[in-house]
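Colleague: First the structure, then my questions, so here it is.
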Amino acid sequence: RIATMNSSLLALAETLTKETQQQQNRFVILENSDGRIVSLRVNRTLLMTAISYHDSNLGMVLKISQNTANALACLISEES
């Protein structure tokens with residue numbers, strides 16, 4: 001269920017980016033009362049989600065998430 005919701009959320013963000021004639025969407029950040037949810041693409045078919053508490057540094061969560069997504073994308077492309 002969470003994977004489906006995240007996929008829909010990222011697809012909506014990508015569509016909104018296109019409709020507003022902006023460049024490629026890089027990630028989505030949701031902030032709630034307990035923390036944040038960061039969703040970003042690994043490649044064309046896979047996405048990654050990081051969940052953190054409010055006391056986490058958002059910049060660090062985002063940077064680590066981006067680095068991890070890039071590393072996964074490289075590993076996946078090497079396997080293909």
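In the structure tokens, the first chain shown is A, the next is B, and so on; residue numbers restart at 1 for each chain, and ligands run from 1 in the order shown.
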Please give the complete set of residues from range 25-55 of chain A that DSSP, run on the backbone, assigns to strand (DSSP E or B), formatted as a ChimeraX atom specification.
Modeller: /A:27-31,35-41,47-53
Colleague: Could you take the residues named above and write them with C-alpha atoms, as a short mmCIF file (atom, residue, chain, number, x, y, z; two decimals), in the first residue's frame?
Modeller:
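The resulting file, out_35.cif, is shown below:
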```
data_model
loop_
_atom_site.label_atom_id
_atom_site.label_comp_id
_atom_site.auth_asym_id
_atom_site.auth_seq_id
_atom_site.Cartn_x
_atom_site.Cartn_y
_atom_site.Cartn_z
CA PHE A 27 12.26 14.52 -5.14
CA VAL A 28 9.18 15.02 -2.97
CA ILE A 29 9.33 15.93 0.72
CA LEU A 30 6.33 15.43 2.99
CA GLU A 31 6.45 16.92 6.45
CA GLY A 35 8.92 13.84 10.86
CA ARG A 36 9.47 13.77 7.13
CA ILE A 37 9.13 11.41 4.20
CA VAL A 38 11.48 11.89 1.24
CA SER A 39 10.68 10.09 -2.03
CA LEU A 40 12.91 10.11 -5.10
CA ARG A 41 13.52 8.11 -8.26
CA LEU A 47 11.74 4.80 -6.46
CA MET A 48 13.18 5.09 -2.99
CA THR A 49 11.66 6.48 0.19
CA ALA A 50 13.42 7.64 3.35
CA ILE A 51 11.48 8.23 6.56
CA SER A 52 12.95 10.35 9.35
CA TYR A 53 11.93 11.90 12.66
#
```
Colleague: Just the residues within 6 Å of range 58-75 of chain A, please, counting only C-alpha atoms, with nothing from its chain fewer than 2 positions along; format it as a list in words.
Modeller: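 Here the answer would be Val42, Asn43, Ser77 and Glu78 of chain A.
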Colleague: Next, dump the selected residues to file, keeping only C-alpha atoms, as an mmCIF file, in the first residue's frame.
Modeller:
```cif
data_model
loop_
_atom_site.group_PDB
_atom_site.id
_atom_site.type_symbol
_atom_site.label_atom_id
_atom_site.label_comp_id
_atom_site.auth_asym_id
_atom_site.auth_seq_id
_atom_site.Cartn_x
_atom_site.Cartn_y
_atom_site.Cartn_z
ATOM 1 C CA VAL A 42 16.285 5.527 -8.440
ATOM 2 C CA ASN A 43 15.721 4.989 -12.151
ATOM 3 C CA SER A 77 22.644 -0.474 -14.579
ATOM 4 C CA GLU A 78 25.790 -2.594 -14.141
#
```
Colleague: So how many Å separate CA of Ile2 in chain A and CA of Lys18 in chain A, to one decimal?
Modeller: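 Value for the CA of Ile2 in chain A-CA of Lys18 in chain A distance: 24.3 Å.
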Colleague: Could you give me, as an MDAnalysis selection string, each residue of range 37-80 of chain A that DSSP assigns to helix (DSSP H, G or I) when run on this structure's backbone?
Modeller: chainID A and resid 58:79
Colleague: Within 8 Å of Asn25 in chain A, counting only C-alpha atoms, which residues show up once you throw out same-chain ones fewer than 2 positions away? Write them as a PyMOL selection string, please.
Modeller: chain A and resi 13-14+17+23+27
Colleague: Taking N, CA and C atoms for each residue, export the selection above as a JSON list (two decimals), in the first residue's frame.
Modeller:
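After the write, part-v5.json holds the following:
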```
[["chain", "number", "residue", "atom", "x", "y", "z"],
["A", 13, "ALA", "N", 3.80, 14.59, -8.68],
["A", 13, "ALA", "CA", 4.81, 15.66, -8.63],
["A", 13, "ALA", "C", 5.47, 15.83, -10.00],
["A", 14, "GLU", "N", 5.75, 14.73, -10.68],
["A", 14, "GLU", "CA", 6.38, 14.80, -12.00],
["A", 14, "GLU", "C", 5.43, 15.43, -13.02],
["A", 17, "THR", "N", 5.24, 19.14, -12.32],
["A", 17, "THR", "CA", 6.46, 19.78, -12.82],
["A", 17, "THR", "C", 6.35, 20.05, -14.32],
["A", 23, "GLN", "N", 11.67, 22.02, -15.19],
["A", 23, "GLN", "CA", 12.54, 20.91, -15.56],
["A", 23, "GLN", "C", 12.24, 19.69, -14.69],
["A", 27, "PHE", "N", 12.72, 15.23, -6.34],
["A", 27, "PHE", "CA", 12.26, 14.52, -5.14],
["A", 27, "PHE", "C", 11.01, 15.19, -4.59]]
```
